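Only one structure is covered here, and it is reproduced in the block below.
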Amino acid sequence: MIIKTTDLVKRFGDTLAVDHVNLGITQGEIFGLLGPNGAGKTTTINMLVGLTSPDAGEVAIFGKKANGHNNEVRRNVGIVPQELAIYEDLTARENVTFFARLYGLKGEQLQTQVSQALEFTGLADREKQFPKKFSGGMKRRLNIACAIAHQPKLIIMDEPTVGIDPQSRNHILDSVRLLNKQGATVLYTSHYMEEVEELCSRVAIMDQGRIIAQGTKEELKALVAEEERIVIELSAVNYTLVDELKAVGGVNEATIAENTVTLLATKNTVSIGRVVDVINATGSDVLSLNVEKPTLESVFLTLTGKKLRD
């Protein structure tokens with residue numbers, strides 16, 4: 001087990017920021033910690049890396065308790081913090097070199113791995129420039145370069161794509177996949193549902209300081225698998241249609257927005273043929289029909305009763 005937490009608790013005054021969090025992350029996976037701003041993700045990360053002491057519970061990294069972190073453990077962990085950890089008055093190369101030296105790199109190895117990190121993040125041609133001239137996305141990539149130059153076995157990334165353009169976001173997501181393919185275990189925190197859905201093999205959903213669900217994406221989606229969503233685009237809408245569709249066996253709810261009907265139905269109980277017959281009887285034609293699979297968004301909405309960005 002690369003990361004293991006046991007009943008982690010952290011309070012700030014009367015606020016219970018982290019409430020008995022248990023995580024287990026195995027070697028070679030990309031593990032997603034998903035939750036809205038204020039859910040407790042960053043506080044959990046800070047306890048993992050020793051920036052904050054837990055009020056209760058234990059953290060183990062590479063099998064060693066966090067309060068006993070030694071230099072060997074530190075050298076094998078790379079941290080991409082949510083707040084940029086770069087120096088505006090140093091060039092891109094000087095920034096990466098500074099952090100690489102903190103991890104013990106020196107000499108030819110230092111120069112080689114700094115160059116590799118800049119190349120990896122697409123900043124090799126900007127190595128002599130100062131970050132104050134960089135876009136937000138380039139600063140985020142430099143933040144990553146500083147964290148990976150020492151080639152850590154574990155990379156912790158806390159909201160690495162906040163406030164950047166789509167092109168930079170895609171570059172970072174591709175980089176995460178490649179780092180994992182090269183052997184790194186990644187803990188990836190985000191409040192962007194689509195990123196976690198795309199990247200991670202296992203996910204923990206965090207809300208109000210608690211882990212409310214944890215497992216593979218398939219396991220989490222099975223939590224809401226009793227109901228399916230059927231979205232139907234129509235050529236025209238008769239507003240008596242809602243009541244008629246609600247009368248179809250297995251349909252629990254029906255709504256109309258413009259020319260689109262959405263049905264919530266008990267899984268595998270609705271006859272699609274019967275639904276189409278009801279629609280056709282109103283004089284409308286079905287332009288498209290899609291039975292949607294559960295998503296992490298629907299899991300989160302079901303478990304918390306709110307959207308991720310509420």
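We label chains A, B, ... in the order they appear in the structure tokens, count residues from 1 in each chain, and number ligands from 1 in the order shown.
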Based on DSSP run over this structure's backbone, return all residues of segment 51-235 of chain A in strand (DSSP E or B), as number ranges by chain.
A: 56-61, 64-65, 77-80, 154-158, 185-190, 202-207, 210-216, 227-234
Tell me, as a VMD selection string, which residues lie within 10 Å of Ile2 of chain A, counting only C-alpha atoms; anything in the same chain fewer than 4 positions away does not count.
chain A and resid 24 to 29 60 to 64 153 to 154 185 to 186
Keeping N, CA and C atoms, export the residues of the selection given above as a PDB file, in the first residue's frame.
```
ATOM      1  N   GLY A  24      -6.971   4.025   1.092  1.00  0.00           N
ATOM      2  CA  GLY A  24      -5.935   3.055   0.781  1.00  0.00           C
ATOM      3  C   GLY A  24      -5.621   3.121  -0.696  1.00  0.00           C
ATOM      4  N   ILE A  25      -4.386   3.493  -1.045  1.00  0.00           N
ATOM      5  CA  ILE A  25      -4.001   3.679  -2.441  1.00  0.00           C
ATOM      6  C   ILE A  25      -2.859   2.729  -2.751  1.00  0.00           C
ATOM      7  N   THR A  26      -3.040   1.924  -3.784  1.00  0.00           N
ATOM      8  CA  THR A  26      -2.068   0.891  -4.121  1.00  0.00           C
ATOM      9  C   THR A  26      -1.121   1.360  -5.219  1.00  0.00           C
ATOM     10  N   GLN A  27      -0.003   0.673  -5.329  1.00  0.00           N
ATOM     11  CA  GLN A  27       1.033   1.046  -6.291  1.00  0.00           C
ATOM     12  C   GLN A  27       0.502   0.962  -7.722  1.00  0.00           C
ATOM     13  N   GLY A  28       0.829   1.978  -8.515  1.00  0.00           N
ATOM     14  CA  GLY A  28       0.552   1.955  -9.945  1.00  0.00           C
ATOM     15  C   GLY A  28      -0.796   2.483 -10.370  1.00  0.00           C
ATOM     16  N   GLU A  29      -1.607   2.984  -9.448  1.00  0.00           N
ATOM     17  CA  GLU A  29      -2.921   3.474  -9.845  1.00  0.00           C
ATOM     18  C   GLU A  29      -2.970   5.005  -9.864  1.00  0.00           C
ATOM     19  N   ALA A  60       0.245   6.680   6.735  1.00  0.00           N
ATOM     20  CA  ALA A  60       1.433   5.906   6.379  1.00  0.00           C
ATOM     21  C   ALA A  60       1.702   6.081   4.884  1.00  0.00           C
ATOM     22  N   ILE A  61       2.968   6.392   4.542  1.00  0.00           N
ATOM     23  CA  ILE A  61       3.417   6.521   3.157  1.00  0.00           C
ATOM     24  C   ILE A  61       4.518   5.494   2.943  1.00  0.00           C
ATOM     25  N   PHE A  62       4.372   4.658   1.926  1.00  0.00           N
ATOM     26  CA  PHE A  62       5.328   3.573   1.685  1.00  0.00           C
ATOM     27  C   PHE A  62       5.508   2.710   2.936  1.00  0.00           C
ATOM     28  N   GLY A  63       4.425   2.572   3.708  1.00  0.00           N
ATOM     29  CA  GLY A  63       4.468   1.729   4.893  1.00  0.00           C
ATOM     30  C   GLY A  63       5.079   2.380   6.112  1.00  0.00           C
ATOM     31  N   LYS A  64       5.487   3.661   6.003  1.00  0.00           N
ATOM     32  CA  LYS A  64       6.100   4.360   7.130  1.00  0.00           C
ATOM     33  C   LYS A  64       5.136   5.431   7.642  1.00  0.00           C
ATOM     34  N   LYS A 153       8.221   8.239  -7.032  1.00  0.00           N
ATOM     35  CA  LYS A 153       7.354   7.076  -7.220  1.00  0.00           C
ATOM     36  C   LYS A 153       5.888   7.421  -6.949  1.00  0.00           C
ATOM     37  N   LEU A 154       5.674   8.427  -6.096  1.00  0.00           N
ATOM     38  CA  LEU A 154       4.329   8.875  -5.751  1.00  0.00           C
ATOM     39  C   LEU A 154       4.213  10.359  -6.060  1.00  0.00           C
ATOM     40  N   THR A 185       2.719   6.288  -9.136  1.00  0.00           N
ATOM     41  CA  THR A 185       1.387   6.252  -8.546  1.00  0.00           C
ATOM     42  C   THR A 185       0.933   7.695  -8.356  1.00  0.00           C
ATOM     43  N   VAL A 186      -0.316   7.988  -8.711  1.00  0.00           N
ATOM     44  CA  VAL A 186      -0.800   9.373  -8.677  1.00  0.00           C
ATOM     45  C   VAL A 186      -2.043   9.473  -7.795  1.00  0.00           C
TER      46      VAL A 186
END
```
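Among the candidates A:Leu48, A:Leu84, A:Leu245, A:Ala149, the residue lying nearest to Phe98 of chain A is A:Ala149 (atoms considered: only C-alpha atoms).
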Residue contacts of Val276 of chain A (9 Å, only C-alpha atoms) excluding same-chain residues fewer than 4 positions away, as a ChimeraX atom specification
/A:271-272,280-281,285-286
Report as a PDB file with N, CA and C atoms, in the first residue's frame all protein, DNA and RNA residues lying within 10 Å of Gly249 of chain A, evaluated on only C-alpha atoms, omitting residues in the same chain fewer than 6 positions from it.
```
ATOM      1  N   ALA A 265     -36.448   6.162 -14.922  1.00  0.00           N
ATOM      2  CA  ALA A 265     -37.180   4.902 -14.875  1.00  0.00           C
ATOM      3  C   ALA A 265     -36.409   3.858 -14.097  1.00  0.00           C
ATOM      4  N   THR A 266     -37.126   2.955 -13.471  1.00  0.00           N
ATOM      5  CA  THR A 266     -36.494   1.818 -12.817  1.00  0.00           C
ATOM      6  C   THR A 266     -35.780   0.984 -13.876  1.00  0.00           C
ATOM      7  N   THR A 269     -36.993  -1.913 -16.766  1.00  0.00           N
ATOM      8  CA  THR A 269     -38.430  -2.188 -16.588  1.00  0.00           C
ATOM      9  C   THR A 269     -39.295  -1.505 -17.638  1.00  0.00           C
ATOM     10  N   VAL A 270     -38.713  -0.579 -18.394  1.00  0.00           N
ATOM     11  CA  VAL A 270     -39.500   0.191 -19.354  1.00  0.00           C
ATOM     12  C   VAL A 270     -39.393  -0.404 -20.751  1.00  0.00           C
ATOM     13  N   SER A 271     -40.526  -0.545 -21.398  1.00  0.00           N
ATOM     14  CA  SER A 271     -40.551  -0.961 -22.800  1.00  0.00           C
ATOM     15  C   SER A 271     -40.339   0.274 -23.666  1.00  0.00           C
ATOM     16  N   ARG A 274     -43.048   0.737 -26.132  1.00  0.00           N
ATOM     17  CA  ARG A 274     -44.266   1.337 -25.585  1.00  0.00           C
ATOM     18  C   ARG A 274     -44.116   2.853 -25.480  1.00  0.00           C
ATOM     19  N   VAL A 275     -42.928   3.329 -25.072  1.00  0.00           N
ATOM     20  CA  VAL A 275     -42.678   4.770 -24.984  1.00  0.00           C
ATOM     21  C   VAL A 275     -42.806   5.413 -26.355  1.00  0.00           C
TER      22      VAL A 275
END
```
Counting only C-alpha atoms, the residue among A:Lys133, A:Gln214, A:Val203, A:Ile3 that lies closest to Met47 of chain A is A:Ile3
Alpha helix (DSSP H) call set, DSSP backbone run, segment 83-280 of chain A, as a PyMOL selection string:
chain A and resi 92-102+107-120+136-148+166-181+193-199+217-222+241-246+272-280
Distance query Gly35 of chain A at most 7 Å, only C-alpha atoms, self and fewer than 4 positions along chain excluded, as a ChimeraX atom specification:
/A:39,190-191,205-207,308
Writing out the chosen residues with N, CA and C atoms as a compact mmCIF listing (two decimals), in the first residue's frame:
```txt
# COMPACT_ATOMS: atom_id res chain seq x y z
N ALA A 39 -14.46 20.69 0.69
CA ALA A 39 -14.82 19.34 1.13
C ALA A 39 -13.82 18.74 2.10
N SER A 190 -9.57 16.80 -7.33
CA SER A 190 -10.22 17.73 -8.26
C SER A 190 -11.67 17.95 -7.85
N HIS A 191 -12.23 19.08 -8.31
CA HIS A 191 -13.68 19.23 -8.24
C HIS A 191 -14.26 19.24 -9.66
N ILE A 205 -15.19 9.83 -3.07
CA ILE A 205 -15.99 11.05 -3.10
C ILE A 205 -16.03 11.62 -1.70
N MET A 206 -15.60 12.88 -1.60
CA MET A 206 -15.49 13.54 -0.29
C MET A 206 -16.45 14.72 -0.23
N ASP A 207 -17.15 14.85 0.89
CA ASP A 207 -18.07 15.97 1.08
C ASP A 207 -18.16 16.28 2.56
N LEU A 308 -22.04 19.04 -7.91
CA LEU A 308 -20.67 19.16 -7.40
C LEU A 308 -20.28 20.60 -7.16
```
re atom CA of Val251 of chain A and atom CA of Ala213 of chain A: distance 27.3 Å
Which neighbours of Val80 of chain A fall inside 8 Å, counting only C-alpha atoms, when residues of the same chain fewer than 4 positions from it are skipped, and could you give them as a ChimeraX atom specification?
/A:143-144,147,155-158,160
Which is closest to Gln82 of chain A among A:Thr52, A:Gln116, A:Tyr103, A:Thr161, if we use only C-alpha atoms?
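Among the listed residues, A:Thr161 lies closest to Gln82 of chain A.
Taking atom CA of Glu127 of chain A and atom CA of Thr91 of chain A as endpoints, the distance between them is 6.5 Å.
The nearest approach to His150 of chain A among the residues A:Thr121, A:Gln167, A:Ser235, A:Thr112, with only C-alpha atoms taken into account, belongs to A:Thr112.
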Write out as a list in words which residues come within 12 Å of Leu102 of chain A when counting only C-alpha atoms, dropping same-chain ones fewer than 3 positions away.
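The neighbour list is Asn71, Arg74, Arg75, Gly78, Asn95, Val96, Thr97, Phe98, Phe99, Leu105, Lys106, Leu110, Cys146, Ala147, Ala149 and His150 of chain A.
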